[in-house]
Structure formats: structure tokens, C-alpha cells
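Here the structure is laid out as C-alpha cells; the discussion comes afterwards.
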Amino acid sequence: MLLLLSITASAQSIKEPVPRPRPETPEELVSALGGSHAPDQLYAARELRRLTRMSLKETASRDPIRSLEARQFLAVFDNTLAPLCIELLTEPKLTRPCADILSLLETDAALPALKARLPETARGTQRSIERAIQTLEE
């Protein structure tokens with residue numbers, strides 16, 4: 001009986017893990033992408049791909065302020081995100097989103113790295129890399 005009470009008491013004292021805060025700003029996302037926590041890296045890659053797509057669409061906005069902000073985002077992404085994505089092409093889970101980001105940013109410097117990565121990736125990722133290469137060669 002005493003053993004049963006001690007097991008119950010110890011089970012009640014187990015605390016739940018503290019959730020990690022998700023990065024929210026583009027700077028935090030770029031930092032998380034370069035970090036070492038794999039789930040945060042994948043989340044950051046997907047969010048940065050979404051932000052890049054949104055920024056490209058908003059450059060054609062009739063609102064000059066939104067258009068200017070979108071161009072500033074793209075300039076920051078071109079300087080900070082593109083080199084990081086080129087480095088992270090070797091990470092299997094980040095290859096596809098990084099290839100998409102490099103394609104959206106039209107980063108010509110990524111072409112050799114994309115071509116080198118093409119033969120050693122999975123089929124779905126190969127299609128993303130092929131589209132990126134095709135976009136960059138045009």
C-alpha cells in the first residue's frame with residue numbers, strides 16, 4: 001500500500017515541459033533557421049518561404065508604403081537569408097524550403113550549390129531543386 005502511494009505521489013510531481021516560444025519577427029526567423037534546434041529550423045524555413053512569397057506579391061501593391069516595406073524585406077532576405085539558405089542546402093529537411101526561397105529571391109549565386117545537391121536528394125525535393133535551377137537559369 002505504501003508503494004502504491006509513493007508511485008502516485010511521484011507521478012503527480014512530474015512537471016510538464018515548458019513550451020519553447022516560436023520566433024515571430026523575420027530577424028528571429030533567420031536566427032532560428034541558423035540555429036541547432038531542428039523543429040525551429042523547419043518552422044523558420046517554412047515561415048520565411050511564406051514571407052518571401054508574400055513580399056514578392058506585395059511589391060506590386062498599389063499602396064506605396066506596403067510596396068516599400070515589401071522591397072525592404074526582400075533586400076534584407078537577399079543579404080541575410082540567401083547565404084544562409086545556400087549553406088543549409090545540405091540539410092535534408094531544409095533543402096526543399098531553402099531551394100524555394102533561393103528561387104523566389106532569384107539568387108544566382110545559389111546555382112552551383114543547387115546543381116551539386118540535385119543528384120543526391122529525394123524525388124519531391126529534386127523537383128523543387130529543378131524548378132529553382134530553371135528559374136535561376138532564365
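Labels for the C-alpha cells follow display order: chains A, B, ..., residues from 1 in each chain, ligands from 1.
The environment of A:Leu74 within 12 Å, counting only C-alpha atoms and disregarding residues fewer than 3 places along the same chain, consists of Pro26, Leu48, Arg49, Leu51, Thr52, Arg53, Met54, Ser55, Leu56, Lys57, Glu58, Thr59, Ser67, Leu68, Glu69, Ala70, Arg71, Phe77, Asp78, Asn79, Thr80, Leu81, Ala82, Ile101, Leu102, Leu104, Leu105, Glu106 and Thr107 of chain A.
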Which polymer residues have any atom within 9 Å of an atom of A:Arg131, counting only C-alpha atoms, with same-chain residues fewer than 5 positions away left out, as a compact mmCIF listing (two decimals) with N, CA and C atoms, in the first residue's frame?
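Generated file (out.txt):
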# COMPACT_ATOMS: atom_id res chain seq x y z
N ALA A 99 15.55 25.78 -51.23
CA ALA A 99 15.58 25.88 -52.69
C ALA A 99 14.46 26.79 -53.18
N ASP A 100 13.29 26.68 -52.57
CA ASP A 100 12.17 27.55 -52.94
C ASP A 100 12.49 29.01 -52.64
N SER A 103 14.97 30.36 -55.08
CA SER A 103 14.30 30.58 -56.36
C SER A 103 13.48 31.85 -56.34
N GLN A 126 13.88 16.87 -55.45
CA GLN A 126 14.53 17.07 -56.75
C GLN A 126 13.71 17.99 -57.63
N LEU A 136 16.45 30.17 -62.05
CA LEU A 136 17.70 30.92 -61.99
C LEU A 136 18.42 30.99 -63.34
